[in-house]
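Colleague: One structure is given below, represented as C-alpha cells, and several questions about it will come after.
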Amino acid sequence: MSATRILAVLVKEFTQLTRDRLTYALILLMPIVQLLLFGYAINSDPHHLPTAVLVQDHGIFARSTLGTIVRSGYFDITETARTPEELDRAIALGRVQFAITIPADFSRRVVRGDKAQILVEADAADPSATGSAIAALAALPQEALKHDLTGAVAPRTPAPPPFEVVVHRRYNPEAISAYNIVPGLLGIILSMTLVMMTSLGVTREYERGTMESLLATPVRPLEVMIGKLAPYVLVGLIQTVVILVMARVLFDVPLAGGWAPLSAGILLFIFGSLALGFLVSTLARSQLQAMQMSFFYMLPSILLSGFMFPFRGMPDWAQWLGTVIPVTHFLRVVRGALLKGLGFADLWPSLAALAVFVLVVVSLAMARYRTTLD
Amino acid sequence: MTLAVDVRGLNKSFGDKHVVQDVAIQVGTGRITGFLGPNGSGKTTTLRMLCGLLTPDSGEGEVLGLDFRKEAERIKRQTGYMTQKFSLYEDLSIEENLTFVARVYGLDDRRRRVREALERLGLDNRRRQLAGSLSGGWKQRLALAASILHEPRLLLLDEPTAGVDPKARREFWDEIHALSAEGLTVLVSTHYMDEAERCHDIAYIAYGRLMARGTGEEVIARSGLVTFRGEGPGADRLARELAGKPGVEMAAAFGAALHVSGTDRAALEAAIAPWRKPPFRWSEAAPTLEDVFIHLMGQSKDNFE
Ligand SMILES: Nc1ncnc2c1ncn2[C@@H]1O[C@H](COP(=O)(O)OP(=O)(O)OP(=O)(O)O)[C@@H](O)[C@H]1O
Ligand SMILES: [Mg+2]
C-alpha cells in the first residue's frame with residue numbers, strides 16, 4: 001500500500017465531489033430537511049382522539065372526572081359502551097384510540113380514600129398518536145376533583161391524589177417517543193447519503209470509461225477504496241454534527257452522555273455504510289442499478305431496524321433479519337448512549353456487531369473489485 | 001534488433017466469440033509499430049492484454065523483458081496506455097488530471113513534471129480548464145501527455161488520432177517520432193493509411209488473426225499483389241464493370257484513374273484486356289498499403305467464413 005496513491009485517489013474524489021455543486025448542497029441540506037420533516041411530523045401532538053367510555057359508576061365524582069378528561073382536549077368521547085365487551089370491541093376494531101373504564105366502586109373508594117382507579121386502555125400501535133395524550137393523563141388526578149373534594153372529604157395538603165389512572169398500552173408495549181425517533185434519524189440519514197453516494201463510485205468510473213485509465217495505473221484495489229471513501233467519512237461526520245445539534249436545539253433531545261461509545265458507534269457505522277456502498281458499486285453494472293440496490297437496502301433499514309416499529313414487536317423472523325442490518329445495532333448504540341447514557345459495558349454487543357459488519361463488507365468488496373476489464 | 005514486445009499464441013474469447021486468435025506481436029525496441037485492421041478485428045483487445053487490462057486465455061512471451069502474464073504489475077509501471085475512448089476525468093481540470101497521474105505513479109518532483117508537461121502541450125495558460133470542455137484534438141494531446149508523464153519505456157496508443165484534424169494529426173505524429181527518437185517503443189493502432197506509412201513496422205490483424213507484419217515495403221512485396229492503373233476518359237467509371245470479373249480482387253476509382261488489383265497476373269490482364277486500347281492508357285503501378293489491406297481483408301473473410 002502506498003500513501004501517495006491513496007492520496008491521489010482521495011484528492012481526485014474530493015475535487016470531483018466539490019465540483020458537483022448539487023451533490024454538495026444535498027449533503028448538507030438533506031439532514032436538515034429530513035430532520036425538520038420527520039422530527040416535526042413524528043413530534044406532532046394530536047388532540048381530540050376518539051375515545052369510548054364505560055361508566056359503571058354514576059356518582060358525582062365519576063362525572064366530573066370524565067369532564068376533566070374531556071377538557072384536557074386530547075379525548076373526544078365518541079362512544080358510550082354498556083358492557084366491557086362492547087368497550088373492548090370498540091378499541092379492537094380501531095374505532096377509538098382510547099377506552100376508559102370508570103369502575104362501579106369509583107366514587108365510594110374516592111370518598112373512603114381507598115385506592116380508587118380508572119382504567120385507560122390505549123391503542124398504542126401508532127405510539128406517536130397516543131404518547132402525549134397518555135402524558136396528559138398523569139396530571140389528571142390532581143386536577144379532576146379539586147372542586148368536588150371539599151369539606152369532610154377535602155384532603156389535607158399535601159395529599160396523595162384521590163385516585164390513580166391505570167394505563168394499559170395495547171398492541172405496542174414499548175412506546176416510542178419522539179426522543180427515540182430523532183436519534184434514529186441519524187442512522188437513516190447517514191446510511192441514505194453514504195451508501196447511495198459511494199454506491200456510484202466505481203460504477204461511475206466504468207460508465208464514463210475512466211476505469212480503463214485507472215486500471216492501467218499501478219493503483220491497488222484497497223488504495224482505490226480508501227481514497228474513494230475517505231472524503232465521505234468527512235461528509236458523514238459533518239452530517240452527524242448537524243443532526244445532533246438540531247436534535248438538541250430544536251427537539252430538546254436529552255444528550256445524556258455516553259460520548260465515547262457513541263463516537264465509536266458513529267465511526268464504525270460510517271465505515272460500514274461506506275464499505276457497503278463500495279461493495280454495491282462493484283456489483284452494479286450501471287448507476288441506475290446501483291441506486292436500485294441502495295434502495296433495496298434502505299427499506300429494511302427503515303422498517304426492520306426498530307426505527308419505524310418497535311424491534312421487539314416484530315415477529316421472530318423479522319427480528320432475525322433486523323439483526324443482520326447494521327442500522328439496528330447503530331440505533332441501539334445511539335439510543336443507549338444518547339438517551340440513557342450507557343457506556344461500553346452495556347453497548348459492546350452492538351459495537352461488536354458493527355465491527356463485524358465492517359470487516360465482512362470490506363472483505364467482500366475487495367474480493368469483488370476487479371483489477372482487469374474481463 | 002531487440003524486441004520490447006515479443007508475445008506469441010495470444011488468444012481471447014468473450015463468451016463464444018473468439019476475438020483474438022493465435023496472434024503474435026513483435027515490436028522492436030525504439031521503433032514505431034502500426035497496428036492495423038478493420039473495425040472489430042481485435043486491436044483494442046490485444047492492446048489491453050499487453051498492458052494487463054484483460055487476462056488472455058492463452059499466450060506467452062515477454063513485454064519489456066518481463067513475463068507478460070506473471071509480471072503485469074511491473075509492466076504497468078513502465079507502460080503508457082492511451083485508450084481509444086477518452087478516459088481521463090472530464091470533471092477535473094487539465095492540471096488536476098496530470099497531478100492525479102503523477103501521484104498514482106508515485107513520481108518525484110511532481111510539480112515540475114506537471115508544469116513541464118503543460119508547457120510541452122502548450123496548455124499552460126489553460127491548465128484550470130476542465131478536461132471535459134476541451135476539443136477533440138486537445139483531449140488527445142492531454143491523453144498523450146498523461147500517458148507519458150511517468151516516462152514509460154513502452155507506449156500503447158489506441159487510435160490516438162481518430163476524429164482529429166490533419167494539422168493536429170501531423171503534430172501528434174511529429175511528437176510520437178520525437179519520443180521514438182528518444183528511445184521510446186510505440187505500438188499504435190490506426191485506421192489511417194498515411195499514419196501506417198509513417199510507422200517503421202506494420203502489423204495487420206483481421207477477424208482476430210494476424211495477417212501480415214513487417215515494414216511497409218515488406219508487407220506490400222509479400223502480398224504478391226499486382227495493380228494496374230487505367231487512365232482515360234471515363235476510366236473511373238469502369239470500376240463497376242470490372243469488379244467481380246475473375247482475377248479482379250479490387251477495382252476502385254482514384255480521382256479520374258482506376259486501380260485494379262489481384263494476385264493472379266494472367267487472370268487480371270485477361271480481365272482488363274477488352275479495355276486495353278485507346279482512349280485508355282494502362283500502366284502497372286506499385287500497390288499501395290491500402291490495396292494490400294483491402295486484399296488481406298477479403299482473404300481473411302474467405303479463410304474464416
Ligand atoms: N468486453 C467485451 N465483451 C464482449 N465482446 C467484446 C468485448 N470487448 C470487445 N468485444 C468484441 O471483440 C471484438 C474485437 O473488439 P476490439 O475492440 O478489440 O476491436 P478493434 O479492432 O479495436 O475495433 P475498432 O477498430 O472498432 O476499435 C469485437 O467484435 C467486439 O464486439
Ligand atoms: Mg478498438
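Residue names in the C-alpha cells use chain letters A, B, ... in the order shown, residue numbers from 1 in each chain, and ligand numbers from 1 in the order shown.
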Ligand 1: which residues are within 12 Å, counting only C-alpha atoms and all ligand atoms? Reply as an MDAnalysis selection string.
Modeller: (chainID A and resid 206 212 372:374) or (chainID B and resid 11:21 35:49 53:55 83:85 157:160 162 188:192 204:210)
Colleague: Take the selection from the previous step and output its residues with N, CA and C atoms, as a short mmCIF file (atom, residue, chain, number, x, y, z; two decimals), in the first residue's frame.
Modeller:
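out_18.cif, written as the output of this step:
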data_model
loop_
_atom_site.label_atom_id
_atom_site.label_comp_id
_atom_site.auth_asym_id
_atom_site.auth_seq_id
_atom_site.Cartn_x
_atom_site.Cartn_y
_atom_site.Cartn_z
N TYR A 206 -16.73 3.04 -14.40
CA TYR A 206 -16.95 2.14 -15.53
C TYR A 206 -17.79 2.81 -16.60
N GLU A 212 -10.72 2.37 -17.37
CA GLU A 212 -9.68 1.81 -18.22
C GLU A 212 -8.34 2.47 -17.92
N THR A 372 -8.98 -6.12 -13.60
CA THR A 372 -8.93 -6.13 -15.06
C THR A 372 -10.32 -5.80 -15.58
N LEU A 373 -10.42 -5.66 -16.91
CA LEU A 373 -11.72 -5.33 -17.50
C LEU A 373 -12.49 -6.58 -17.91
N ASP A 374 -11.97 -7.78 -17.61
CA ASP A 374 -12.61 -9.03 -18.08
C ASP A 374 -14.08 -9.08 -17.73
N ASN B 11 -4.59 -15.57 -27.26
CA ASN B 11 -5.99 -15.91 -27.52
C ASN B 11 -6.90 -15.23 -26.52
N LYS B 12 -8.06 -14.81 -27.00
CA LYS B 12 -9.05 -14.24 -26.08
C LYS B 12 -10.45 -14.46 -26.65
N SER B 13 -11.33 -15.01 -25.81
CA SER B 13 -12.73 -15.16 -26.21
C SER B 13 -13.61 -14.38 -25.26
N PHE B 14 -14.66 -13.79 -25.79
CA PHE B 14 -15.72 -13.23 -24.95
C PHE B 14 -16.93 -14.12 -25.17
N GLY B 15 -17.30 -14.90 -24.18
CA GLY B 15 -18.37 -15.87 -24.39
C GLY B 15 -17.90 -16.85 -25.45
N ASP B 16 -18.70 -17.06 -26.51
CA ASP B 16 -18.25 -17.98 -27.55
C ASP B 16 -17.66 -17.23 -28.74
N LYS B 17 -17.42 -15.90 -28.55
CA LYS B 17 -16.79 -15.13 -29.63
C LYS B 17 -15.28 -15.16 -29.47
N HIS B 18 -14.61 -15.80 -30.41
CA HIS B 18 -13.15 -15.90 -30.35
C HIS B 18 -12.56 -14.64 -31.01
N VAL B 19 -12.23 -13.67 -30.20
CA VAL B 19 -11.95 -12.32 -30.68
C VAL B 19 -10.50 -12.14 -31.11
N VAL B 20 -9.60 -12.82 -30.40
CA VAL B 20 -8.19 -12.78 -30.79
C VAL B 20 -7.71 -14.23 -30.89
N GLN B 21 -7.17 -14.59 -32.06
CA GLN B 21 -6.84 -15.99 -32.29
C GLN B 21 -5.36 -16.14 -32.64
N PHE B 35 -0.50 -0.70 -35.84
CA PHE B 35 -1.34 -1.87 -35.64
C PHE B 35 -2.63 -1.60 -36.40
N LEU B 36 -2.82 -2.30 -37.49
CA LEU B 36 -3.96 -2.00 -38.34
C LEU B 36 -4.91 -3.17 -38.44
N GLY B 37 -6.13 -2.86 -38.83
CA GLY B 37 -7.12 -3.90 -39.01
C GLY B 37 -8.49 -3.28 -39.00
N PRO B 38 -9.45 -3.95 -39.64
CA PRO B 38 -10.80 -3.39 -39.71
C PRO B 38 -11.46 -3.28 -38.34
N ASN B 39 -12.58 -2.62 -38.28
CA ASN B 39 -13.33 -2.49 -37.02
C ASN B 39 -13.65 -3.87 -36.46
N GLY B 40 -13.48 -4.00 -35.17
CA GLY B 40 -13.84 -5.26 -34.51
C GLY B 40 -12.87 -6.39 -34.76
N SER B 41 -11.67 -6.07 -35.26
CA SER B 41 -10.74 -7.15 -35.59
C SER B 41 -9.94 -7.59 -34.36
N GLY B 42 -10.02 -6.85 -33.26
CA GLY B 42 -9.35 -7.29 -32.04
C GLY B 42 -8.14 -6.46 -31.66
N LYS B 43 -8.01 -5.27 -32.22
CA LYS B 43 -6.84 -4.43 -31.90
C LYS B 43 -6.88 -3.98 -30.44
N THR B 44 -8.01 -3.37 -30.06
CA THR B 44 -8.12 -2.89 -28.69
C THR B 44 -7.93 -4.04 -27.70
N THR B 45 -8.56 -5.18 -28.01
CA THR B 45 -8.45 -6.33 -27.12
C THR B 45 -6.99 -6.75 -26.96
N THR B 46 -6.26 -6.77 -28.06
CA THR B 46 -4.85 -7.16 -27.99
C THR B 46 -4.05 -6.18 -27.15
N LEU B 47 -4.25 -4.88 -27.40
CA LEU B 47 -3.52 -3.87 -26.62
C LEU B 47 -3.83 -4.00 -25.13
N ARG B 48 -5.10 -4.24 -24.81
CA ARG B 48 -5.48 -4.38 -23.40
C ARG B 48 -4.81 -5.58 -22.76
N MET B 49 -4.65 -6.66 -23.53
CA MET B 49 -4.00 -7.83 -22.96
C MET B 49 -2.53 -7.53 -22.71
N LEU B 53 -4.77 -5.25 -18.83
CA LEU B 53 -6.15 -4.87 -18.53
C LEU B 53 -7.12 -6.01 -18.80
N LEU B 54 -6.71 -6.94 -19.65
CA LEU B 54 -7.52 -8.12 -19.90
C LEU B 54 -6.62 -9.34 -19.70
N THR B 55 -7.22 -10.40 -19.17
CA THR B 55 -6.45 -11.62 -18.98
C THR B 55 -6.57 -12.48 -20.22
N THR B 83 -6.05 5.25 -24.18
CA THR B 83 -7.22 4.47 -24.57
C THR B 83 -7.89 5.05 -25.80
N GLN B 84 -8.66 4.18 -26.47
CA GLN B 84 -9.35 4.61 -27.68
C GLN B 84 -10.36 5.72 -27.37
N LYS B 85 -11.13 5.48 -26.30
CA LYS B 85 -12.10 6.48 -25.86
C LYS B 85 -11.43 7.31 -24.76
N LEU B 157 -0.79 3.06 -27.97
CA LEU B 157 -1.75 4.10 -28.35
C LEU B 157 -2.87 3.45 -29.15
N ASP B 158 -4.11 3.64 -28.71
CA ASP B 158 -5.23 3.01 -29.39
C ASP B 158 -6.00 4.08 -30.16
N GLU B 159 -5.80 4.09 -31.46
CA GLU B 159 -6.42 5.08 -32.36
C GLU B 159 -6.33 6.49 -31.78
N PRO B 160 -5.11 6.95 -31.57
CA PRO B 160 -4.95 8.24 -30.87
C PRO B 160 -5.43 9.43 -31.67
N ALA B 162 -8.09 9.48 -33.94
CA ALA B 162 -9.43 9.39 -34.53
C ALA B 162 -10.17 10.71 -34.33
N VAL B 188 1.01 1.49 -32.05
CA VAL B 188 -0.11 2.41 -32.24
C VAL B 188 -1.12 1.83 -33.23
N SER B 189 -2.37 1.75 -32.78
CA SER B 189 -3.39 1.26 -33.71
C SER B 189 -3.97 2.44 -34.46
N THR B 190 -4.32 2.22 -35.71
CA THR B 190 -4.87 3.31 -36.52
C THR B 190 -5.64 2.74 -37.71
N HIS B 191 -6.50 3.59 -38.25
CA HIS B 191 -7.20 3.24 -39.49
C HIS B 191 -6.69 4.06 -40.66
N TYR B 192 -5.77 5.02 -40.38
CA TYR B 192 -5.34 5.93 -41.45
C TYR B 192 -4.12 5.39 -42.18
N TYR B 204 -0.82 -6.27 -39.27
CA TYR B 204 -2.19 -6.18 -39.76
C TYR B 204 -2.99 -7.35 -39.23
N ILE B 205 -4.12 -7.04 -38.62
CA ILE B 205 -4.95 -8.07 -38.00
C ILE B 205 -6.34 -7.98 -38.60
N ALA B 206 -6.96 -9.14 -38.86
CA ALA B 206 -8.34 -9.14 -39.35
C ALA B 206 -9.05 -10.34 -38.75
N TYR B 207 -10.26 -10.12 -38.28
CA TYR B 207 -11.04 -11.19 -37.66
C TYR B 207 -10.25 -11.94 -36.61
N GLY B 208 -9.46 -11.21 -35.83
CA GLY B 208 -8.75 -11.84 -34.73
C GLY B 208 -7.47 -12.54 -35.14
N ARG B 209 -7.15 -12.54 -36.45
CA ARG B 209 -5.93 -13.23 -36.88
C ARG B 209 -4.92 -12.24 -37.42
N LEU B 210 -3.66 -12.47 -37.11
CA LEU B 210 -2.62 -11.62 -37.65
C LEU B 210 -2.39 -12.02 -39.11
#
Colleague: Env of Leu154 of chain B: 9 Å cut, atoms = only C-alpha atoms, seq-sep filter 5 positions within chain, self excluded. Answer as a PyMOL selection string.
Modeller: chain B and resi 4-5+29-30+63-64+78-81+184-187
Colleague: Could you write out the selected residues, including N, CA, C and O atoms, as a PDB file, in the first residue's frame?
Modeller:
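Ended up saving to out.pdb:
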ATOM      1  N   ALA B   4      10.944  -5.136 -27.713  1.00  0.00           N
ATOM      2  CA  ALA B   4      10.323  -4.643 -26.484  1.00  0.00           C
ATOM      3  C   ALA B   4       9.077  -5.469 -26.180  1.00  0.00           C
ATOM      4  O   ALA B   4       8.731  -5.710 -25.029  1.00  0.00           O
ATOM      5  N   VAL B   5       8.399  -5.885 -27.226  1.00  0.00           N
ATOM      6  CA  VAL B   5       7.237  -6.756 -27.072  1.00  0.00           C
ATOM      7  C   VAL B   5       7.474  -7.983 -27.926  1.00  0.00           C
ATOM      8  O   VAL B   5       7.784  -7.869 -29.124  1.00  0.00           O
ATOM      9  N   THR B  29      12.485  -2.628 -30.128  1.00  0.00           N
ATOM     10  CA  THR B  29      12.763  -1.554 -29.174  1.00  0.00           C
ATOM     11  C   THR B  29      13.068  -0.257 -29.919  1.00  0.00           C
ATOM     12  O   THR B  29      13.858  -0.234 -30.861  1.00  0.00           O
ATOM     13  N   GLY B  30      12.420   0.812 -29.492  1.00  0.00           N
ATOM     14  CA  GLY B  30      12.662   2.127 -30.079  1.00  0.00           C
ATOM     15  C   GLY B  30      11.985   2.331 -31.414  1.00  0.00           C
ATOM     16  O   GLY B  30      12.166   3.364 -32.048  1.00  0.00           O
ATOM     17  N   VAL B  63       7.118  -8.769 -22.333  1.00  0.00           N
ATOM     18  CA  VAL B  63       6.958  -7.359 -22.606  1.00  0.00           C
ATOM     19  C   VAL B  63       8.015  -6.643 -21.768  1.00  0.00           C
ATOM     20  O   VAL B  63       8.076  -6.853 -20.549  1.00  0.00           O
ATOM     21  N   LEU B  64       8.860  -5.875 -22.423  1.00  0.00           N
ATOM     22  CA  LEU B  64       9.961  -5.181 -21.748  1.00  0.00           C
ATOM     23  C   LEU B  64      10.815  -6.160 -20.940  1.00  0.00           C
ATOM     24  O   LEU B  64      11.269  -5.858 -19.849  1.00  0.00           O
ATOM     25  N   GLN B  78       5.902   0.594 -16.358  1.00  0.00           N
ATOM     26  CA  GLN B  78       6.800   1.077 -17.407  1.00  0.00           C
ATOM     27  C   GLN B  78       6.082   1.243 -18.736  1.00  0.00           C
ATOM     28  O   GLN B  78       6.709   1.398 -19.774  1.00  0.00           O
ATOM     29  N   THR B  79       4.752   1.112 -18.689  1.00  0.00           N
ATOM     30  CA  THR B  79       3.980   1.198 -19.922  1.00  0.00           C
ATOM     31  C   THR B  79       3.002   2.361 -19.830  1.00  0.00           C
ATOM     32  O   THR B  79       2.369   2.573 -18.801  1.00  0.00           O
ATOM     33  N   GLY B  80       2.896   3.103 -20.907  1.00  0.00           N
ATOM     34  CA  GLY B  80       1.866   4.128 -21.001  1.00  0.00           C
ATOM     35  C   GLY B  80       0.787   3.627 -21.941  1.00  0.00           C
ATOM     36  O   GLY B  80       1.094   3.018 -22.966  1.00  0.00           O
ATOM     37  N   TYR B  81      -0.471   3.842 -21.566  1.00  0.00           N
ATOM     38  CA  TYR B  81      -1.560   3.338 -22.402  1.00  0.00           C
ATOM     39  C   TYR B  81      -2.537   4.462 -22.636  1.00  0.00           C
ATOM     40  O   TYR B  81      -3.074   5.048 -21.705  1.00  0.00           O
ATOM     41  N   LEU B 184      11.795   5.609 -26.957  1.00  0.00           N
ATOM     42  CA  LEU B 184      10.519   5.023 -26.547  1.00  0.00           C
ATOM     43  C   LEU B 184      10.011   4.073 -27.636  1.00  0.00           C
ATOM     44  O   LEU B 184      10.110   4.373 -28.823  1.00  0.00           O
ATOM     45  N   THR B 185       9.481   2.939 -27.191  1.00  0.00           N
ATOM     46  CA  THR B 185       8.895   1.991 -28.124  1.00  0.00           C
ATOM     47  C   THR B 185       7.399   2.262 -28.229  1.00  0.00           C
ATOM     48  O   THR B 185       6.738   2.442 -27.215  1.00  0.00           O
ATOM     49  N   VAL B 186       6.862   2.295 -29.433  1.00  0.00           N
ATOM     50  CA  VAL B 186       5.466   2.677 -29.620  1.00  0.00           C
ATOM     51  C   VAL B 186       4.716   1.616 -30.422  1.00  0.00           C
ATOM     52  O   VAL B 186       5.184   1.174 -31.472  1.00  0.00           O
ATOM     53  N   LEU B 187       3.577   1.213 -29.897  1.00  0.00           N
ATOM     54  CA  LEU B 187       2.666   0.367 -30.668  1.00  0.00           C
ATOM     55  C   LEU B 187       1.374   1.165 -30.796  1.00  0.00           C
ATOM     56  O   LEU B 187       0.744   1.505 -29.805  1.00  0.00           O
TER      57      LEU B 187
END
Colleague: Quick check, in Å to one decimal: how far apart do atom CA of Ile220 of chain B and atom CA of Gly255 of chain B lie?
Modeller: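 So the two atoms, atom CA of Ile220 of chain B and atom CA of Gly255 of chain B, lie 22.2 Å apart.
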Colleague: Based on the backbone DSSP call, show me all residues of segment 10-153 of chain B assigned helix (DSSP H, G or I), as a count of residues only.
Modeller: 56
Colleague: Could you please select, counting only C-alpha atoms, the residues of chain B within 6 Å of chain A and state them as a PyMOL selection string?
Modeller: chain B and resi 53-54+87-88+100+103-104
Colleague: Please, could you write that set of residues out with all heavy atoms as a compact mmCIF listing (two decimals), in the first residue's frame?
Modeller:
# COMPACT_ATOMS: atom_id res chain seq x y z
N LEU B 53 -4.77 -5.25 -18.83
CA LEU B 53 -6.15 -4.87 -18.53
C LEU B 53 -7.12 -6.01 -18.80
O LEU B 53 -8.22 -6.02 -18.30
CB LEU B 53 -6.56 -3.66 -19.37
CG LEU B 53 -6.05 -2.32 -18.89
CD1 LEU B 53 -6.61 -1.21 -19.72
CD2 LEU B 53 -6.42 -2.13 -17.43
N LEU B 54 -6.71 -6.94 -19.65
CA LEU B 54 -7.52 -8.12 -19.90
C LEU B 54 -6.62 -9.34 -19.70
O LEU B 54 -5.43 -9.29 -20.00
CB LEU B 54 -8.06 -8.13 -21.33
CG LEU B 54 -9.23 -7.21 -21.66
CD1 LEU B 54 -9.53 -7.26 -23.15
CD2 LEU B 54 -10.46 -7.59 -20.86
N SER B 87 -10.38 8.72 -21.56
CA SER B 87 -10.68 8.10 -20.28
C SER B 87 -10.04 8.83 -19.11
O SER B 87 -9.82 8.26 -18.05
CB SER B 87 -10.24 6.64 -20.28
OG SER B 87 -8.85 6.57 -20.48
N LEU B 88 -9.74 10.12 -19.30
CA LEU B 88 -9.35 10.92 -18.15
C LEU B 88 -10.61 11.50 -17.53
O LEU B 88 -11.71 11.34 -18.07
CB LEU B 88 -8.38 12.02 -18.58
CG LEU B 88 -7.04 11.50 -19.12
CD1 LEU B 88 -6.18 12.64 -19.60
CD2 LEU B 88 -6.31 10.69 -18.06
N PHE B 100 -3.04 13.99 -10.75
CA PHE B 100 -3.53 12.69 -10.32
C PHE B 100 -2.63 11.58 -10.86
O PHE B 100 -2.18 10.69 -10.12
CB PHE B 100 -4.97 12.49 -10.80
CG PHE B 100 -5.49 11.10 -10.59
CD1 PHE B 100 -5.76 10.64 -9.31
CD2 PHE B 100 -5.70 10.23 -11.66
CE1 PHE B 100 -6.22 9.35 -9.10
CE2 PHE B 100 -6.15 8.94 -11.45
CZ PHE B 100 -6.42 8.51 -10.17
N ARG B 103 0.70 11.45 -9.11
CA ARG B 103 0.62 10.87 -7.77
C ARG B 103 0.46 9.37 -7.83
O ARG B 103 1.09 8.63 -7.07
CB ARG B 103 -0.58 11.46 -7.02
CG ARG B 103 -0.34 12.84 -6.46
CD ARG B 103 -1.20 13.04 -5.22
NE ARG B 103 -0.98 14.37 -4.65
CZ ARG B 103 -1.81 15.39 -4.82
NH1 ARG B 103 -2.92 15.23 -5.52
NH2 ARG B 103 -1.56 16.55 -4.28
N VAL B 104 -0.42 8.91 -8.71
CA VAL B 104 -0.69 7.48 -8.77
C VAL B 104 0.57 6.69 -9.13
O VAL B 104 0.77 5.58 -8.66
CB VAL B 104 -1.82 7.21 -9.79
CG1 VAL B 104 -1.85 5.76 -10.17
CG2 VAL B 104 -3.15 7.60 -9.19
Colleague: Excluding segment 198-201 of chain B and residues on its chain fewer than 2 positions from it, collect all residues at most 8 Å away from it, counting only C-alpha atoms, and give them as a list in words.
Modeller: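 In the requested form, the answer reads Arg31, Ile32, Thr33, Gly34, Asp194, Glu195, Ala196, Ala203, Arg213, Gly214, Thr215 and Gly216 of chain B.
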Colleague: Which residues are near Ala145 of chain B? Cut-off 8 Å, only C-alpha atoms, ignore same chain within fewer than 4 positions. Put them as a list in words.
Modeller: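 Contacts, in chain order: Ala117, Leu121, Arg141 and Leu149 of chain B.
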Colleague: Any idea what the distance is between atom CA of Arg368 of chain A and atom CA of Thr203 of chain A?
Modeller: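 Between atom CA of Arg368 of chain A and atom CA of Thr203 of chain A the gap works out to 12.6 Å.
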Colleague: If we count only C-alpha atoms, what is near Arg126 of chain B at a cut-off of 12 Å, once residues fewer than 3 positions away on the same chain are taken out, given as a list of chain:residue names?
Modeller: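 With the cut-off at 12 Å, the set is B:Ser93, B:Ile94, B:Glu95, B:Glu96, B:Arg115, B:Leu118, B:Glu119, B:Leu121, B:Gly122, B:Leu123, B:Gln129, B:Leu130, B:Ala131, B:Ser133, B:Leu134, B:Trp138, B:Leu142.
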Colleague: Go ahead and write the residues just picked, C-alpha atoms, as a PDB file, in the first residue's frame.
Modeller:
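Dumped to result_20.pdb:
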ATOM      1  CA  SER B  93      -9.069  20.298 -14.842  1.00  0.00           C
ATOM      2  CA  ILE B  94      -6.132  19.581 -17.119  1.00  0.00           C
ATOM      3  CA  GLU B  95      -3.688  20.217 -14.323  1.00  0.00           C
ATOM      4  CA  GLU B  96      -5.642  18.125 -11.809  1.00  0.00           C
ATOM      5  CA  ARG B 115       4.452  22.042 -15.247  1.00  0.00           C
ATOM      6  CA  LEU B 118       1.727  21.537 -19.519  1.00  0.00           C
ATOM      7  CA  GLU B 119       4.368  23.647 -21.239  1.00  0.00           C
ATOM      8  CA  LEU B 121       1.493  20.627 -24.510  1.00  0.00           C
ATOM      9  CA  GLY B 122       1.108  24.356 -24.899  1.00  0.00           C
ATOM     10  CA  LEU B 123      -1.694  24.168 -22.344  1.00  0.00           C
ATOM     11  CA  GLN B 129      -9.913  24.361 -17.793  1.00  0.00           C
ATOM     12  CA  LEU B 130     -11.961  21.214 -17.227  1.00  0.00           C
ATOM     13  CA  ALA B 131     -10.805  18.328 -19.408  1.00  0.00           C
ATOM     14  CA  SER B 133     -14.571  21.106 -22.147  1.00  0.00           C
ATOM     15  CA  LEU B 134     -11.567  20.556 -24.413  1.00  0.00           C
ATOM     16  CA  TRP B 138      -6.710  18.875 -27.296  1.00  0.00           C
ATOM     17  CA  LEU B 142      -3.784  15.756 -22.992  1.00  0.00           C
TER      18      LEU B 142
END
Colleague: Got a sec: who's within 9 Å of segment 288-290 of chain B, counting only C-alpha atoms, leaving out chain neighbours fewer than 4 positions off, as a list of chain:residue names?
Modeller: B:Met193, B:Ala196, B:Glu197, B:Gly216, B:Glu217, B:Val219, B:Ile220, B:Thr227, B:Ile294, B:His295
Colleague: Could the residues in this selection be written to a file with N, CA and C atoms, as a PDB file, in the first residue's frame?
Modeller:
ATOM      1  N   MET B 193      -4.205   5.383 -43.515  1.00  0.00           N
ATOM      2  CA  MET B 193      -3.104   4.861 -44.315  1.00  0.00           C
ATOM      3  C   MET B 193      -1.870   5.736 -44.218  1.00  0.00           C
ATOM      4  N   ALA B 196      -0.122   4.772 -41.219  1.00  0.00           N
ATOM      5  CA  ALA B 196       0.539   3.474 -41.377  1.00  0.00           C
ATOM      6  C   ALA B 196       1.876   3.680 -42.071  1.00  0.00           C
ATOM      7  N   GLU B 197       1.889   4.598 -43.047  1.00  0.00           N
ATOM      8  CA  GLU B 197       3.125   4.825 -43.792  1.00  0.00           C
ATOM      9  C   GLU B 197       4.176   5.543 -42.956  1.00  0.00           C
ATOM     10  N   GLY B 216       6.519  -1.542 -44.253  1.00  0.00           N
ATOM     11  CA  GLY B 216       5.535  -1.303 -45.290  1.00  0.00           C
ATOM     12  C   GLY B 216       5.892  -2.001 -46.595  1.00  0.00           C
ATOM     13  N   GLU B 217       7.146  -1.842 -47.047  1.00  0.00           N
ATOM     14  CA  GLU B 217       7.562  -2.459 -48.325  1.00  0.00           C
ATOM     15  C   GLU B 217       7.458  -3.974 -48.254  1.00  0.00           C
ATOM     16  N   VAL B 219       5.512  -5.767 -46.425  1.00  0.00           N
ATOM     17  CA  VAL B 219       4.117  -6.201 -46.431  1.00  0.00           C
ATOM     18  C   VAL B 219       3.566  -6.135 -47.859  1.00  0.00           C
ATOM     19  N   ILE B 220       3.911  -5.066 -48.575  1.00  0.00           N
ATOM     20  CA  ILE B 220       3.423  -4.934 -49.955  1.00  0.00           C
ATOM     21  C   ILE B 220       4.029  -6.025 -50.831  1.00  0.00           C
ATOM     22  N   THR B 227      -1.024  -4.541 -59.425  1.00  0.00           N
ATOM     23  CA  THR B 227      -2.000  -3.477 -59.610  1.00  0.00           C
ATOM     24  C   THR B 227      -1.791  -2.794 -60.956  1.00  0.00           C
ATOM     25  N   ILE B 294      -6.921  -4.047 -48.086  1.00  0.00           N
ATOM     26  CA  ILE B 294      -8.245  -4.462 -48.542  1.00  0.00           C
ATOM     27  C   ILE B 294      -8.172  -5.882 -49.097  1.00  0.00           C
ATOM     28  N   HIS B 295      -7.085  -6.157 -49.759  1.00  0.00           N
ATOM     29  CA  HIS B 295      -6.870  -7.514 -50.263  1.00  0.00           C
ATOM     30  C   HIS B 295      -6.800  -8.515 -49.108  1.00  0.00           C
TER      31      HIS B 295
END
